[in-house]
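File shown here: query_17.cif, holding mmCIF, C-alpha atoms.
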```
data_structure
#
loop_
_atom_site.group_PDB
_atom_site.id
_atom_site.type_symbol
_atom_site.label_atom_id
_atom_site.label_comp_id
_atom_site.auth_asym_id
_atom_site.auth_seq_id
_atom_site.Cartn_x
_atom_site.Cartn_y
_atom_site.Cartn_z
ATOM 1 C CA MET L 593 -73.077 -50.473 4.513
ATOM 2 C CA ALA L 594 -70.983 -49.236 1.641
ATOM 3 C CA GLU L 595 -72.298 -45.696 1.781
ATOM 4 C CA GLN L 596 -71.016 -45.338 5.318
ATOM 5 C CA GLY L 597 -67.576 -46.540 4.309
ATOM 6 C CA GLU L 598 -67.328 -43.789 1.690
ATOM 7 C CA SER L 599 -68.287 -41.059 4.141
ATOM 8 C CA THR L 600 -65.937 -38.445 5.544
ATOM 9 C CA TRP L 601 -67.462 -39.075 8.919
ATOM 10 C CA ASP L 602 -67.123 -42.177 11.010
ATOM 11 C CA VAL L 603 -70.498 -41.644 12.628
ATOM 12 C CA GLU L 604 -70.354 -44.805 14.696
ATOM 13 C CA ALA L 605 -67.043 -43.742 16.229
ATOM 14 C CA LEU L 606 -68.466 -40.280 16.930
ATOM 15 C CA LEU L 607 -71.524 -41.827 18.538
ATOM 16 C CA GLY L 608 -69.221 -43.920 20.680
ATOM 17 C CA ASP L 609 -67.612 -40.694 21.897
ATOM 18 C CA VAL L 610 -70.832 -38.765 22.421
ATOM 19 C CA LEU L 611 -72.855 -41.519 24.031
ATOM 20 C CA ARG L 612 -70.376 -42.777 26.556
ATOM 21 C CA PRO L 613 -71.670 -44.651 29.595
ATOM 22 C CA ILE L 614 -72.262 -42.319 32.518
ATOM 23 C CA GLU L 615 -71.017 -43.412 35.920
ATOM 24 C CA PRO L 616 -73.751 -42.935 38.494
ATOM 25 C CA PRO L 617 -72.827 -40.663 41.392
ATOM 26 C CA GLU L 618 -71.830 -42.500 44.547
ATOM 27 C CA ARG L 619 -74.683 -40.916 46.448
ATOM 28 C CA LEU L 620 -77.142 -42.705 44.174
ATOM 29 C CA SER L 621 -76.005 -46.166 45.282
ATOM 30 C CA GLY L 622 -76.373 -45.126 48.903
ATOM 31 C CA ARG L 623 -79.779 -43.640 48.206
ATOM 32 C CA ILE L 624 -81.155 -46.709 46.424
ATOM 33 C CA GLU L 625 -79.728 -49.131 48.953
ATOM 34 C CA GLY L 626 -81.165 -46.927 51.700
ATOM 35 C CA THR L 627 -84.572 -47.078 50.062
ATOM 36 C CA PHE L 628 -84.499 -50.867 49.926
ATOM 37 C CA THR L 629 -83.302 -51.050 53.514
ATOM 38 C CA ALA L 630 -86.119 -48.733 54.584
ATOM 39 C CA LEU L 631 -88.641 -50.871 52.714
ATOM 40 C CA SER L 632 -87.402 -54.001 54.485
ATOM 41 C CA ALA L 633 -87.456 -52.248 57.849
ATOM 42 C CA ALA L 634 -90.963 -50.921 57.237
ATOM 43 C CA ALA L 635 -92.131 -54.406 56.339
ATOM 44 C CA ALA L 636 -90.567 -55.871 59.487
ATOM 45 C CA THR L 637 -92.060 -53.144 61.706
ATOM 46 C CA GLU L 638 -95.468 -53.642 60.169
ATOM 47 C CA LEU L 639 -95.321 -57.341 60.934
ATOM 48 C CA SER L 640 -93.959 -56.776 64.441
ATOM 49 C CA ASP L 641 -96.636 -54.207 65.419
ATOM 50 C CA TRP L 642 -99.347 -56.424 64.150
ATOM 51 C CA ALA L 643 -97.972 -59.520 65.938
ATOM 52 C CA GLU L 644 -97.953 -57.726 69.333
ATOM 53 C CA GLU L 645 -101.718 -57.379 69.166
ATOM 54 C CA LEU L 646 -102.298 -61.095 68.794
ATOM 55 C CA SER L 647 -103.435 -63.662 71.352
ATOM 56 C CA ASP L 648 -101.709 -67.046 71.714
ATOM 57 C CA SER L 649 -104.248 -68.765 69.498
ATOM 58 C CA GLU L 650 -103.793 -66.078 66.893
ATOM 59 C CA MET L 651 -100.030 -66.476 67.116
ATOM 60 C CA ARG L 652 -100.425 -70.212 66.504
ATOM 61 C CA ALA L 653 -102.650 -69.446 63.554
ATOM 62 C CA LEU L 654 -100.034 -67.070 62.256
ATOM 63 C CA ARG L 655 -97.622 -69.953 61.849
ATOM 64 C CA ASP L 656 -99.987 -71.484 59.350
ATOM 65 C CA PRO L 657 -98.959 -70.239 55.880
ATOM 66 C CA ARG L 658 -102.598 -70.162 54.847
ATOM 67 C CA ASN L 659 -103.007 -67.179 57.202
ATOM 68 C CA TRP L 660 -100.226 -65.040 55.808
ATOM 69 C CA VAL L 661 -102.431 -62.923 53.617
ATOM 70 C CA ARG L 662 -103.056 -60.032 56.029
ATOM 71 C CA PRO L 663 -99.427 -59.082 56.785
ATOM 72 C CA VAL L 664 -98.510 -59.613 53.183
ATOM 73 C CA VAL L 665 -101.227 -57.251 52.049
ATOM 74 C CA ALA L 666 -100.104 -54.716 54.658
ATOM 75 C CA VAL L 667 -96.519 -54.911 53.467
ATOM 76 C CA GLY L 668 -97.631 -54.777 49.866
ATOM 77 C CA VAL L 669 -99.667 -51.660 50.518
ATOM 78 C CA GLY L 670 -96.713 -50.147 52.361
ATOM 79 C CA GLY L 671 -94.454 -50.878 49.430
ATOM 80 C CA VAL L 672 -96.845 -49.346 46.957
ATOM 81 C CA ALA L 673 -97.243 -46.307 49.177
ATOM 82 C CA THR L 674 -93.486 -45.877 49.362
ATOM 83 C CA GLY L 675 -93.243 -46.161 45.598
ATOM 84 C CA ALA L 676 -95.990 -43.613 45.221
ATOM 85 C CA LEU L 677 -94.179 -41.250 47.569
ATOM 86 C CA VAL L 678 -91.025 -41.538 45.512
ATOM 87 C CA LEU L 679 -93.011 -40.887 42.368
ATOM 88 C CA PHE L 680 -94.750 -37.960 44.009
ATOM 89 C CA GLU L 681 -91.413 -36.504 44.984
ATOM 90 C CA LEU L 682 -90.161 -36.979 41.447
ATOM 91 C CA ARG L 683 -93.144 -35.111 40.057
ATOM 92 C CA ARG L 684 -93.166 -32.483 42.768
ATOM 93 C CA ARG L 685 -89.773 -31.183 41.889
ATOM 94 C CA GLY L 686 -90.411 -28.332 39.564
ATOM 95 C CA ARG L 687 -86.953 -28.028 38.140
ATOM 96 C CA SER L 688 -87.121 -26.045 34.932
ATOM 97 C CA GLU L 689 -84.452 -27.821 32.988
ATOM 98 C CA ALA L 690 -84.230 -28.886 29.397
ATOM 99 C CA ASN L 691 -84.914 -32.495 28.570
ATOM 100 C CA GLY L 692 -82.797 -35.300 27.191
ATOM 101 C CA LEU L 693 -80.155 -34.896 24.565
ATOM 102 C CA LYS L 694 -81.446 -31.418 23.811
ATOM 103 C CA GLY L 695 -80.421 -30.350 27.273
ATOM 104 C CA ILE L 696 -77.096 -32.123 27.118
ATOM 105 C CA ALA L 697 -76.352 -30.537 23.775
ATOM 106 C CA GLN L 698 -77.294 -27.166 25.207
ATOM 107 C CA GLY L 699 -74.911 -27.728 28.103
ATOM 108 C CA VAL L 700 -72.111 -28.630 25.720
ATOM 109 C CA ARG L 701 -72.818 -25.548 23.611
ATOM 110 C CA GLU L 702 -72.630 -23.312 26.645
ATOM 111 C CA ARG L 703 -69.279 -24.773 27.637
ATOM 112 C CA THR L 704 -67.736 -24.713 24.188
ATOM 113 C CA PRO L 705 -65.881 -21.482 23.325
ATOM 114 C CA PHE L 706 -66.913 -21.256 19.668
ATOM 115 C CA MET S 697 -96.301 -72.658 43.335
ATOM 116 C CA SER S 698 -97.212 -69.665 41.240
ATOM 117 C CA GLY S 699 -97.453 -69.928 37.516
ATOM 118 C CA PRO S 700 -95.331 -67.901 35.156
ATOM 119 C CA GLU S 701 -98.116 -65.409 34.509
ATOM 120 C CA GLU S 702 -98.675 -64.586 38.181
ATOM 121 C CA ASN S 703 -96.731 -61.819 39.878
ATOM 122 C CA VAL S 704 -95.825 -62.449 43.490
ATOM 123 C CA GLU S 705 -94.668 -59.426 45.466
ATOM 124 C CA PRO S 706 -91.328 -60.056 47.221
ATOM 125 C CA ALA S 707 -93.024 -59.611 50.613
ATOM 126 C CA GLN S 708 -95.376 -62.463 49.776
ATOM 127 C CA LEU S 709 -92.565 -64.980 49.407
ATOM 128 C CA ALA S 710 -91.475 -67.392 52.111
ATOM 129 C CA PRO S 711 -88.422 -66.082 54.031
ATOM 130 C CA ALA S 712 -85.892 -68.374 52.371
ATOM 131 C CA ALA S 713 -87.239 -67.618 48.914
ATOM 132 C CA LYS S 714 -87.263 -63.905 49.666
ATOM 133 C CA ALA S 715 -83.675 -64.024 50.902
ATOM 134 C CA GLU S 716 -82.611 -65.767 47.698
ATOM 135 C CA LEU S 717 -84.565 -63.264 45.629
ATOM 136 C CA ASP S 718 -82.966 -60.355 47.483
ATOM 137 C CA ARG S 719 -79.475 -61.727 46.911
ATOM 138 C CA ALA S 720 -80.152 -62.239 43.224
ATOM 139 C CA PHE S 721 -81.656 -58.785 42.906
ATOM 140 C CA GLU S 722 -78.686 -57.210 44.642
ATOM 141 C CA ASP S 723 -76.339 -58.790 42.093
ATOM 142 C CA PHE S 724 -78.657 -57.703 39.298
ATOM 143 C CA TYR S 725 -78.812 -54.172 40.645
ATOM 144 C CA ARG S 726 -75.036 -53.871 40.966
ATOM 145 C CA ALA S 727 -74.511 -55.258 37.469
ATOM 146 C CA HIS S 728 -76.914 -52.830 35.820
ATOM 147 C CA LEU S 729 -76.909 -49.646 37.864
ATOM 148 C CA ARG S 730 -74.653 -47.904 35.355
ATOM 149 C CA ASP S 731 -76.780 -49.066 32.410
ATOM 150 C CA VAL S 732 -79.986 -47.721 33.889
ATOM 151 C CA TYR S 733 -78.378 -44.506 34.997
ATOM 152 C CA SER S 734 -76.766 -43.918 31.605
ATOM 153 C CA TYR S 735 -80.030 -44.594 29.815
ATOM 154 C CA ALA S 736 -81.975 -42.361 32.198
ATOM 155 C CA TYR S 737 -79.432 -39.601 31.884
ATOM 156 C CA TYR S 738 -79.467 -39.567 28.098
ATOM 157 C CA ARG S 739 -83.251 -39.616 28.137
ATOM 158 C CA VAL S 740 -83.919 -36.842 30.653
ATOM 159 C CA GLY S 741 -80.722 -34.825 30.301
ATOM 160 C CA ASN S 742 -79.973 -33.967 33.904
ATOM 161 C CA HIS S 743 -78.527 -35.804 36.864
ATOM 162 C CA HIS S 744 -81.264 -35.079 39.394
ATOM 163 C CA ASP S 745 -84.071 -36.586 37.360
ATOM 164 C CA ALA S 746 -81.820 -39.377 36.093
ATOM 165 C CA GLU S 747 -81.245 -40.379 39.718
ATOM 166 C CA ASP S 748 -84.975 -40.315 40.441
ATOM 167 C CA LEU S 749 -85.753 -42.372 37.367
ATOM 168 C CA THR S 750 -83.009 -44.866 38.156
ATOM 169 C CA GLU S 751 -84.292 -45.385 41.674
ATOM 170 C CA GLN S 752 -87.861 -45.723 40.462
ATOM 171 C CA ALA S 753 -86.816 -48.219 37.781
ATOM 172 C CA PHE S 754 -85.112 -50.449 40.328
ATOM 173 C CA LEU S 755 -88.059 -50.235 42.717
ATOM 174 C CA GLN S 756 -90.389 -51.383 39.963
ATOM 175 C CA ALA S 757 -87.943 -54.038 38.849
ATOM 176 C CA TYR S 758 -87.740 -55.394 42.381
ATOM 177 C CA ARG S 759 -91.494 -55.781 42.633
ATOM 178 C CA HIS S 760 -91.614 -57.860 39.449
ATOM 179 C CA PHE S 761 -88.189 -59.475 39.603
ATOM 180 C CA ASP S 762 -89.406 -62.900 40.664
ATOM 181 C CA ARG S 763 -91.862 -63.154 37.801
ATOM 182 C CA ALA S 764 -89.369 -61.759 35.297
ATOM 183 C CA ARG S 765 -86.857 -64.432 36.282
ATOM 184 C CA ARG S 766 -89.438 -67.161 35.899
ATOM 185 C CA GLU S 767 -90.468 -65.926 32.476
ATOM 186 C CA SER S 768 -86.990 -65.179 31.158
ATOM 187 C CA ASP S 769 -86.045 -68.797 30.399
ATOM 188 C CA GLY S 770 -82.472 -67.918 31.233
ATOM 189 C CA ARG S 771 -82.315 -64.958 28.871
ATOM 190 C CA PRO S 772 -80.643 -61.801 30.182
ATOM 191 C CA LEU S 773 -82.943 -59.468 32.064
ATOM 192 C CA ARG S 774 -81.238 -56.271 31.021
ATOM 193 C CA PRO S 775 -83.688 -55.539 28.160
ATOM 194 C CA TRP S 776 -86.590 -55.970 30.572
ATOM 195 C CA LEU S 777 -84.975 -53.559 33.019
ATOM 196 C CA ILE S 778 -84.250 -50.989 30.330
ATOM 197 C CA ARG S 779 -87.839 -51.290 29.137
ATOM 198 C CA ILE S 780 -88.978 -50.325 32.632
ATOM 199 C CA ALA S 781 -86.688 -47.297 32.522
ATOM 200 C CA HIS S 782 -87.967 -46.515 29.034
ATOM 201 C CA ASN S 783 -91.594 -46.511 30.212
ATOM 202 C CA LEU S 784 -90.770 -44.361 33.223
ATOM 203 C CA ALA S 785 -88.923 -41.900 31.021
ATOM 204 C CA SER S 786 -91.956 -41.702 28.744
ATOM 205 C CA ASN S 787 -94.130 -40.889 31.749
ATOM 206 C CA TYR S 788 -91.587 -38.291 32.788
ATOM 207 C CA TYR S 789 -91.927 -36.556 29.440
ATOM 208 C CA ARG S 790 -95.700 -36.658 29.598
ATOM 209 C CA ASP S 791 -95.621 -35.153 33.074
ATOM 210 C CA ARG S 792 -93.277 -32.351 32.091
ATOM 211 C CA SER S 793 -94.618 -31.603 28.652
ATOM 212 C CA ARG S 794 -96.271 -28.355 29.722
ATOM 213 C CA ARG S 795 -93.394 -27.005 31.743
ATOM 214 C CA PRO S 796 -90.963 -24.333 30.518
ATOM 215 C CA GLN S 797 -87.549 -25.568 29.466
ATOM 216 C CA THR S 798 -84.312 -23.807 30.272
ATOM 217 C CA PRO S 799 -80.631 -24.902 30.454
ATOM 218 C CA LEU S 800 -79.578 -27.795 32.627
ATOM 219 C CA ASP S 801 -76.540 -29.107 34.384
ATOM 220 C CA SER S 802 -73.730 -29.871 31.999
ATOM 221 C CA ALA S 803 -72.819 -33.501 31.578
ATOM 222 C CA ASP S 804 -69.782 -32.746 29.459
ATOM 223 C CA PRO S 805 -69.516 -36.275 28.118
ATOM 224 C CA ILE S 806 -66.644 -35.277 25.868
ATOM 225 C CA ALA S 807 -64.146 -33.972 28.360
ATOM 226 C CA THR S 808 -61.230 -36.402 28.137
ATOM 227 C CA ARG S 809 -59.012 -38.431 25.859
ATOM 228 C CA HIS S 810 -57.978 -35.685 23.441
ATOM 229 C CA ASP S 811 -55.017 -33.373 23.373
ATOM 230 C CA THR S 812 -55.804 -29.680 23.029
ATOM 231 C CA GLU S 813 -55.973 -29.439 19.241
ATOM 232 C CA ASP S 814 -57.952 -32.605 18.858
ATOM 233 C CA LEU S 815 -60.235 -31.519 21.631
ATOM 234 C CA VAL S 816 -61.202 -28.326 19.821
ATOM 235 C CA ALA S 817 -61.514 -30.045 16.444
ATOM 236 C CA GLY S 818 -63.315 -32.981 17.993
ATOM 237 C CA ARG S 819 -65.755 -30.881 19.929
ATOM 238 C CA GLU S 820 -67.244 -29.353 16.821
ATOM 239 C CA GLU S 821 -67.844 -32.797 15.349
ATOM 240 C CA LEU S 822 -69.257 -34.108 18.562
ATOM 241 C CA ARG S 823 -71.432 -31.095 19.055
ATOM 242 C CA GLN S 824 -72.759 -31.612 15.572
ATOM 243 C CA VAL S 825 -73.477 -35.274 16.235
ATOM 244 C CA MET S 826 -75.262 -34.351 19.442
ATOM 245 C CA ALA S 827 -77.379 -31.772 17.647
ATOM 246 C CA ASN S 828 -78.246 -34.266 14.918
ATOM 247 C CA LEU S 829 -79.134 -36.900 17.496
ATOM 248 C CA GLU S 830 -81.688 -34.477 18.875
ATOM 249 C CA ALA S 831 -83.360 -34.301 15.510
ATOM 250 C CA LEU S 832 -83.835 -38.064 15.212
ATOM 251 C CA SER S 833 -87.194 -39.639 15.946
ATOM 252 C CA ASP S 834 -87.544 -40.949 19.491
ATOM 253 C CA ASP S 835 -87.257 -44.609 18.550
ATOM 254 C CA ARG S 836 -84.115 -44.069 16.467
ATOM 255 C CA ARG S 837 -82.492 -41.994 19.191
ATOM 256 C CA GLU S 838 -83.347 -44.511 21.896
ATOM 257 C CA ALA S 839 -81.986 -47.377 19.845
ATOM 258 C CA LEU S 840 -78.694 -45.514 19.448
ATOM 259 C CA ILE S 841 -78.528 -44.743 23.167
ATOM 260 C CA MET S 842 -78.986 -48.438 23.899
ATOM 261 C CA ARG S 843 -76.419 -49.447 21.313
ATOM 262 C CA PHE S 844 -73.666 -46.970 22.129
ATOM 263 C CA ALA S 845 -74.159 -45.911 25.751
ATOM 264 C CA LEU S 846 -75.194 -49.349 27.017
ATOM 265 C CA GLY S 847 -73.461 -51.577 24.476
ATOM 266 C CA MET S 848 -76.618 -53.594 23.828
ATOM 267 C CA ASP S 849 -76.770 -55.829 20.762
ATOM 268 C CA ASN S 850 -79.643 -55.860 18.285
ATOM 269 C CA ARG S 851 -81.478 -58.653 20.039
ATOM 270 C CA GLU S 852 -81.359 -56.915 23.419
ATOM 271 C CA ILE S 853 -82.484 -53.632 21.898
ATOM 272 C CA ALA S 854 -85.319 -55.416 20.114
ATOM 273 C CA ARG S 855 -86.549 -56.851 23.395
ATOM 274 C CA ALA S 856 -86.246 -53.524 25.187
ATOM 275 C CA LEU S 857 -88.200 -51.720 22.485
ATOM 276 C CA GLY S 858 -90.711 -54.525 21.929
ATOM 277 C CA ARG S 859 -89.761 -54.955 18.262
ATOM 278 C CA SER S 860 -88.552 -57.804 16.121
ATOM 279 C CA ASP S 861 -84.823 -58.347 15.615
ATOM 280 C CA GLY S 862 -85.159 -57.502 11.944
ATOM 281 C CA ALA S 863 -87.087 -54.300 12.553
ATOM 282 C CA THR S 864 -84.515 -53.247 15.117
ATOM 283 C CA LYS S 865 -81.623 -53.870 12.755
ATOM 284 C CA VAL S 866 -83.329 -51.689 10.149
ATOM 285 C CA LEU S 867 -84.111 -49.023 12.754
ATOM 286 C CA ILE S 868 -80.472 -48.732 13.811
ATOM 287 C CA HIS S 869 -79.199 -48.818 10.242
ATOM 288 C CA ARG S 870 -81.534 -46.005 9.250
ATOM 289 C CA ALA S 871 -80.668 -43.979 12.326
ATOM 290 C CA ILE S 872 -76.959 -44.149 11.538
ATOM 291 C CA LYS S 873 -77.590 -43.455 7.874
ATOM 292 C CA GLN S 874 -79.697 -40.408 8.743
ATOM 293 C CA LEU S 875 -76.955 -39.075 10.999
ATOM 294 C CA GLN S 876 -74.412 -39.742 8.257
ATOM 295 C CA GLU S 877 -76.454 -37.723 5.791
ATOM 296 C CA GLU S 878 -76.999 -34.895 8.258
ATOM 297 C CA MET S 879 -73.274 -34.736 8.927
ATOM 298 C CA GLU S 880 -72.460 -34.760 5.216
ATOM 299 C CA GLY S 881 -75.040 -32.025 4.645
ATOM 300 C CA ALA S 882 -73.608 -29.905 7.424
ATOM 301 C CA GLY S 883 -70.106 -30.429 6.005
ATOM 302 C CA ASP S 884 -71.218 -29.296 2.557
ATOM 303 C CA ASP S 885 -72.857 -26.218 4.057
ATOM 304 C CA GLY S 886 -69.705 -25.302 5.954
#
```
Represent the supplied structure as structure tokens.
Amino acid sequence: MAEQGESTWDVEALLGDVLRPIEPPERLSGRIEGTFTALSAAAATELSDWAEELSDSEMRALRDPRNWVRPVVAVGVGGVATGALVLFELRRRGRSEANGLKGIAQGVRERTPF
Amino acid sequence: MSGPEENVEPAQLAPAAKAELDRAFEDFYRAHLRDVYSYAYYRVGNHHDAEDLTEQAFLQAYRHFDRARRESDGRPLRPWLIRIAHNLASNYYRDRSRRPQTPLDSADPIATRHDTEDLVAGREELRQVMANLEALSDDRREALIMRFALGMDNREIARALGRSDGATKVLIHRAIKQLQEEMEGAGDDG
């Protein structure tokens, strides 16, 4: 890339400065891990509630892997519902903020005294 | 045993398999949280939505993690994960396309490493680069975010964008060249 070598600007170095990795806030780790924990707990509760309604013969049948479809479907539906709730929450928030690099650039402009 | 084309939800796995999957996913999540967050942040431009997108990306990744591992043939899964984030970010833009846009929280990605004089001189350059990045086409800008913010190589970026290695190399080259020309043009104007 000879033309880049002749340039006044080292664009790749500038890009390295502008597009630095962003450390996620600590609260995000806790939030995501909490979500996964809640999903696991919801799955366990779903299975437990359902198992309490079963007779002995049904409990024996439950131990047969061929009969694992119902709880699995219930957990699957629960998982999808949780995902949908998260997505709904994401969409619900009506923050009026600029998008992407445009917004970042705007933020930088506002903080730069020239 | 399920074939490579079949997705099995984590909850459908036998307990031992699910425990192994969960452990592997936890390592995967810890290794790539910063990548996904950085990508999401540079795509959506604010921390709140970047957090939402990051969480959503990992939830989706978890649901398909087992299948992705089976189909990866040992290749890194980071491009697959970033592709999920990429698709979610695209949905985000579609969803918000009709909403008014006003200033956002400041990331200030250029706050350290310079002494005072360099900081002032450097900020103008960096501000200019940022402004020129905005003007790039989406695919060029995304490729540069993956390259510089995430440190992905051409092959990884190609997989994340669903392009060939050659096309990706050209895409990045042209993106940098365009920025170079914009910077030169701005310098001549000033």
Given 6 Å of margin on each side, can you work out the centre and size in Å (one decimal) of an axis-aligned box holding every listed atom of range 758-767 of chain S, as lines of an AutoDock Vina configuration file?
```
center_x = -89.4
center_y = -61.3
center_z = 37.6
size_x = 17.0
size_y = 23.8
size_z = 22.2
```
What separates CA of Gln756 in chain S and CA of Glu705 in chain S is a distance of 10.6 Å
How many Å lie between CA of His782 in chain S and CA of Arg843 in chain S, rounded to one decimal?
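Taking CA of His782 in chain S and CA of Arg843 in chain S, their separation equals 14.2 Å.
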From the list S:Gly862, S:Gly770, S:Gly847, S:Gly741, the nearest residue to chain L using all atoms listed in the file is S:Gly741
If I put a ball of radius 12 Å at (-86.1, -62.6, 31.7) in the file's coordinates, which residues poke into it when counting all atoms listed in the file, written as a PDB file with C-alpha atoms, in the frame of the given file?
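Saved to point-v5.pdb:
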```pdb
ATOM      1  CA  PRO S 700     -95.331 -67.901  35.156  1.00  0.00           C
ATOM      2  CA  PHE S 724     -78.657 -57.703  39.298  1.00  0.00           C
ATOM      3  CA  ALA S 757     -87.943 -54.038  38.849  1.00  0.00           C
ATOM      4  CA  HIS S 760     -91.614 -57.860  39.449  1.00  0.00           C
ATOM      5  CA  PHE S 761     -88.189 -59.475  39.603  1.00  0.00           C
ATOM      6  CA  ASP S 762     -89.406 -62.900  40.664  1.00  0.00           C
ATOM      7  CA  ARG S 763     -91.862 -63.154  37.801  1.00  0.00           C
ATOM      8  CA  ALA S 764     -89.369 -61.759  35.297  1.00  0.00           C
ATOM      9  CA  ARG S 765     -86.857 -64.432  36.282  1.00  0.00           C
ATOM     10  CA  ARG S 766     -89.438 -67.161  35.899  1.00  0.00           C
ATOM     11  CA  GLU S 767     -90.468 -65.926  32.476  1.00  0.00           C
ATOM     12  CA  SER S 768     -86.990 -65.179  31.158  1.00  0.00           C
ATOM     13  CA  ASP S 769     -86.045 -68.797  30.399  1.00  0.00           C
ATOM     14  CA  GLY S 770     -82.472 -67.918  31.233  1.00  0.00           C
ATOM     15  CA  ARG S 771     -82.315 -64.958  28.871  1.00  0.00           C
ATOM     16  CA  PRO S 772     -80.643 -61.801  30.182  1.00  0.00           C
ATOM     17  CA  LEU S 773     -82.943 -59.468  32.064  1.00  0.00           C
ATOM     18  CA  ARG S 774     -81.238 -56.271  31.021  1.00  0.00           C
ATOM     19  CA  PRO S 775     -83.688 -55.539  28.160  1.00  0.00           C
ATOM     20  CA  TRP S 776     -86.590 -55.970  30.572  1.00  0.00           C
ATOM     21  CA  LEU S 777     -84.975 -53.559  33.019  1.00  0.00           C
ATOM     22  CA  ILE S 778     -84.250 -50.989  30.330  1.00  0.00           C
ATOM     23  CA  ARG S 779     -87.839 -51.290  29.137  1.00  0.00           C
ATOM     24  CA  GLU S 852     -81.359 -56.915  23.419  1.00  0.00           C
ATOM     25  CA  ARG S 855     -86.549 -56.851  23.395  1.00  0.00           C
ATOM     26  CA  ALA S 856     -86.246 -53.524  25.187  1.00  0.00           C
TER      27      ALA S 856
END
```
One residue among L:Pro613, L:Thr627, L:Ala633, L:Ala605 is nearest to chain S when using all atoms listed in the file, and that residue is L:Pro613
Work out how far apart CA of Val866 in chain S and CA of Glu880 in chain S are and give it in Å to one decimal.
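Here the two named atoms are 20.7 Å from each other.
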- In the coordinate frame of the file, compute which residues have an atom within 12 Å of (-73.7, -51.5, 23.1) when using all atoms listed in the file, and state them as a VMD selection string. (chain L and resid 604 607 to 608 611 to 613) or (chain S and resid 731 734 to 735 774 to 775 838 to 853 868)
The residue from L:Ile624, L:Ala634, L:Leu693, L:Val610 with the smallest atom-to-atom distance to Arg837 in chain S, counting only C-alpha atoms, is L:Leu693
